[in-house]
file coords.cif (mmCIF, C-alpha atoms)
data_final
#
loop_
_atom_site.label_atom_id
_atom_site.label_comp_id
_atom_site.auth_asym_id
_atom_site.auth_seq_id
_atom_site.Cartn_x
_atom_site.Cartn_y
_atom_site.Cartn_z
CA SER A 25 -55.01 91.67 -31.09
CA LEU A 26 -58.15 93.07 -32.69
CA ARG A 27 -58.23 95.86 -35.27
CA LEU A 28 -61.41 97.57 -36.47
CA ASP A 29 -61.00 99.65 -39.62
CA LEU A 30 -64.07 101.87 -39.87
CA THR A 31 -62.65 104.34 -42.39
CA GLU A 32 -65.17 103.36 -45.07
CA LEU A 33 -68.20 103.15 -42.74
CA LYS A 34 -70.11 106.25 -43.78
CA PHE A 35 -73.18 105.86 -41.54
CA LEU A 36 -73.86 104.33 -38.16
CA ASN A 37 -77.01 105.20 -36.23
CA SER A 38 -77.24 105.48 -32.45
CA SER A 39 -78.10 101.78 -32.10
CA GLY A 40 -74.97 100.84 -34.02
CA ILE A 41 -72.82 103.17 -31.95
CA ASN A 42 -74.31 101.60 -28.82
CA VAL A 43 -73.38 98.12 -30.07
CA LEU A 44 -69.84 99.32 -30.80
CA ALA A 45 -69.59 100.75 -27.27
CA LYS A 46 -70.87 97.52 -25.69
CA PHE A 47 -68.42 95.51 -27.79
CA THR A 48 -65.56 97.76 -26.64
CA ILE A 49 -66.54 97.18 -23.00
CA LEU A 50 -66.69 93.42 -23.62
CA VAL A 51 -63.17 93.47 -25.09
CA ARG A 52 -61.92 95.59 -22.18
CA ASN A 53 -63.43 93.21 -19.64
CA SER A 54 -61.87 90.18 -21.32
CA GLY A 55 -58.54 91.48 -20.01
CA ASN A 56 -56.28 89.92 -22.60
CA VAL A 57 -57.20 91.46 -25.98
CA ALA A 58 -55.44 94.48 -27.43
CA MET A 59 -57.85 96.52 -29.55
CA SER A 60 -57.27 99.26 -32.08
CA VAL A 61 -59.80 101.31 -34.03
CA VAL A 62 -59.11 103.32 -37.16
CA GLY A 63 -61.56 106.00 -38.25
CA SER A 64 -61.73 108.77 -40.82
CA GLN A 65 -61.73 112.55 -40.30
CA LYS A 66 -63.84 112.79 -43.45
CA ILE A 67 -66.81 111.10 -41.79
CA PRO A 68 -68.32 113.43 -39.14
CA TRP A 69 -69.87 110.81 -36.85
CA GLN A 70 -66.53 109.03 -36.51
CA GLU A 71 -64.60 112.10 -35.42
CA LYS A 72 -67.33 112.87 -32.88
CA SER A 73 -68.13 109.39 -31.51
CA LEU A 74 -65.01 107.25 -31.76
CA PRO A 75 -63.06 109.17 -29.06
CA ASN A 76 -65.74 108.01 -26.60
CA LEU A 77 -64.52 104.45 -27.09
CA LYS A 78 -61.19 105.51 -25.61
CA LYS A 79 -63.05 106.66 -22.49
CA LEU A 80 -64.61 103.20 -22.20
CA TYR A 81 -61.31 101.40 -22.80
CA PRO A 82 -58.28 103.63 -22.08
CA ALA A 83 -55.83 101.05 -23.48
CA LEU A 84 -57.59 101.15 -26.86
CA GLU A 85 -55.42 102.46 -29.69
CA LEU A 86 -57.46 105.01 -31.64
CA SER A 87 -56.37 106.58 -34.92
CA ILE A 88 -58.52 109.03 -36.81
CA VAL A 89 -56.81 109.66 -40.13
#

call {"tool": "encode", "arguments": {"input": "coords.cif", "output": "structure tokens"}}
result
Amino acid sequence: SLRLDLTELKFLNSSGINVLAKFTILVRNSGNVAMSVVGSQKIPWQEKSLPNLKKLYPALELSIV
């Protein structure tokens, strides 16, 4: 099980978001790793971009608090 807590990550540029997306695909393709991501509603890029990870890996547990 893998948990990414991004609630304190205030800035991530497009290159960083791309790396996060590629990492999510890698985890999905591994087939045996449960992944969860926690983001913050207070940080605009997270509320906008993190739901896209769920599209890449439907089994991903996403919480935006």

call {"tool": "closest_residue", "arguments": {"input": "coords.cif", "among": "A:Leu30, A:Leu84, A:Leu50, A:Val89", "to": "Lys66 of chain A", "atoms": "all atoms listed in the file"}}
result
A:Val89

call {"tool": "atom_distance", "arguments": {"input": "coords.cif", "atom1": "atom CA of Thr31 of chain A", "atom2": "atom CA of Gly63 of chain A"}}
result
4.6 Å

call {"tool": "resolve_selection", "arguments": {"input": "coords.cif", "expression": "the PyMOL selection byres ((chain A and resi 39-43) around 12)", "output": "ChimeraX atom specification"}}
result
/A:30,33,35-38,44-50,69-70,72-77,80

call {"tool": "atom_distance", "arguments": {"input": "coords.cif", "atom1": "atom CA of Tyr81 of chain A", "atom2": "atom CA of Asn53 of chain A"}}
result
9.0 Å

call {"tool": "closest_residue", "arguments": {"input": "coords.cif", "among": "A:Ala83, A:Leu28, A:Ile88, A:Val51", "to": "Ser64 of chain A", "atoms": "only C-alpha atoms"}}
result
A:Ile88

call {"tool": "closest_residue", "arguments": {"input": "coords.cif", "among": "A:Ile67, A:Pro82, A:Ser87, A:Val57", "to": "Lys34 of chain A", "atoms": "only C-alpha atoms"}}
result
A:Ile67

call {"tool": "residues_around", "arguments": {"input": "coords.cif", "residues": "Asp29 of chain A", "least_positions_apart": "6", "cutoff": "9 Å", "atoms": "only C-alpha atoms", "output": "ChimeraX atom specification"}}
result
/A:60-63

call {"tool": "decode", "arguments": {"input": "coords.cif", "residues": "segment 40-88 of chain A", "atoms": "C-alpha atoms", "output": "PDB file, in the first residue's frame"}}
result
ATOM      1  CA  GLY A  40       5.920  17.842 -11.744  1.00  0.00           C
ATOM      2  CA  ILE A  41       2.290  17.015 -12.475  1.00  0.00           C
ATOM      3  CA  ASN A  42       3.465  14.998 -15.482  1.00  0.00           C
ATOM      4  CA  VAL A  43       5.871  13.019 -13.273  1.00  0.00           C
ATOM      5  CA  LEU A  44       3.070  12.372 -10.780  1.00  0.00           C
ATOM      6  CA  ALA A  45       0.832  11.121 -13.611  1.00  0.00           C
ATOM      7  CA  LYS A  46       3.564   8.828 -14.978  1.00  0.00           C
ATOM      8  CA  PHE A  47       4.207   7.489 -11.472  1.00  0.00           C
ATOM      9  CA  THR A  48       0.485   6.773 -11.054  1.00  0.00           C
ATOM     10  CA  ILE A  49       0.461   4.824 -14.333  1.00  0.00           C
ATOM     11  CA  LEU A  50       3.540   2.881 -13.212  1.00  0.00           C
ATOM     12  CA  VAL A  51       1.823   1.924  -9.944  1.00  0.00           C
ATOM     13  CA  ARG A  52      -1.347   0.946 -11.822  1.00  0.00           C
ATOM     14  CA  ASN A  53       0.614  -1.233 -14.232  1.00  0.00           C
ATOM     15  CA  SER A  54       2.424  -3.003 -11.396  1.00  0.00           C
ATOM     16  CA  GLY A  55      -0.913  -4.646 -10.617  1.00  0.00           C
ATOM     17  CA  ASN A  56      -0.350  -5.322  -6.943  1.00  0.00           C
ATOM     18  CA  VAL A  57       0.009  -1.935  -5.216  1.00  0.00           C
ATOM     19  CA  ALA A  58      -2.889  -0.092  -3.616  1.00  0.00           C
ATOM     20  CA  MET A  59      -2.369   3.668  -3.868  1.00  0.00           C
ATOM     21  CA  SER A  60      -4.040   6.551  -2.099  1.00  0.00           C
ATOM     22  CA  VAL A  61      -3.505  10.282  -2.558  1.00  0.00           C
ATOM     23  CA  VAL A  62      -4.526  13.000  -0.127  1.00  0.00           C
ATOM     24  CA  GLY A  63      -4.756  16.598  -1.307  1.00  0.00           C
ATOM     25  CA  SER A  64      -5.992  19.911   0.016  1.00  0.00           C
ATOM     26  CA  GLN A  65      -8.964  22.006  -1.125  1.00  0.00           C
ATOM     27  CA  LYS A  66      -6.980  25.062  -0.037  1.00  0.00           C
ATOM     28  CA  ILE A  67      -4.420  24.579  -2.805  1.00  0.00           C
ATOM     29  CA  PRO A  68      -6.021  25.317  -6.206  1.00  0.00           C
ATOM     30  CA  TRP A  69      -3.780  23.144  -8.405  1.00  0.00           C
ATOM     31  CA  GLN A  70      -4.553  20.091  -6.270  1.00  0.00           C
ATOM     32  CA  GLU A  71      -8.311  20.411  -6.533  1.00  0.00           C
ATOM     33  CA  LYS A  72      -7.980  20.850 -10.298  1.00  0.00           C
ATOM     34  CA  SER A  73      -5.286  18.274 -11.156  1.00  0.00           C
ATOM     35  CA  LEU A  74      -5.488  15.441  -8.641  1.00  0.00           C
ATOM     36  CA  PRO A  75      -8.859  14.099  -9.892  1.00  0.00           C
ATOM     37  CA  ASN A  76      -7.097  13.343 -13.195  1.00  0.00           C
ATOM     38  CA  LEU A  77      -5.017  10.732 -11.371  1.00  0.00           C
ATOM     39  CA  LYS A  78      -8.231   8.834 -10.681  1.00  0.00           C
ATOM     40  CA  LYS A  79      -8.869   8.729 -14.439  1.00  0.00           C
ATOM     41  CA  LEU A  80      -5.432   7.181 -14.937  1.00  0.00           C
ATOM     42  CA  TYR A  81      -5.885   4.673 -12.106  1.00  0.00           C
ATOM     43  CA  PRO A  82      -9.568   4.102 -11.241  1.00  0.00           C
ATOM     44  CA  ALA A  83      -8.708   2.007  -8.165  1.00  0.00           C
ATOM     45  CA  LEU A  84      -6.763   4.920  -6.668  1.00  0.00           C
ATOM     46  CA  GLU A  85      -8.232   6.253  -3.430  1.00  0.00           C
ATOM     47  CA  LEU A  86      -8.364  10.043  -3.682  1.00  0.00           C
ATOM     48  CA  SER A  87      -9.252  12.357  -0.804  1.00  0.00           C
ATOM     49  CA  ILE A  88      -9.254  16.115  -1.149  1.00  0.00           C
TER      50      ILE A  88
END
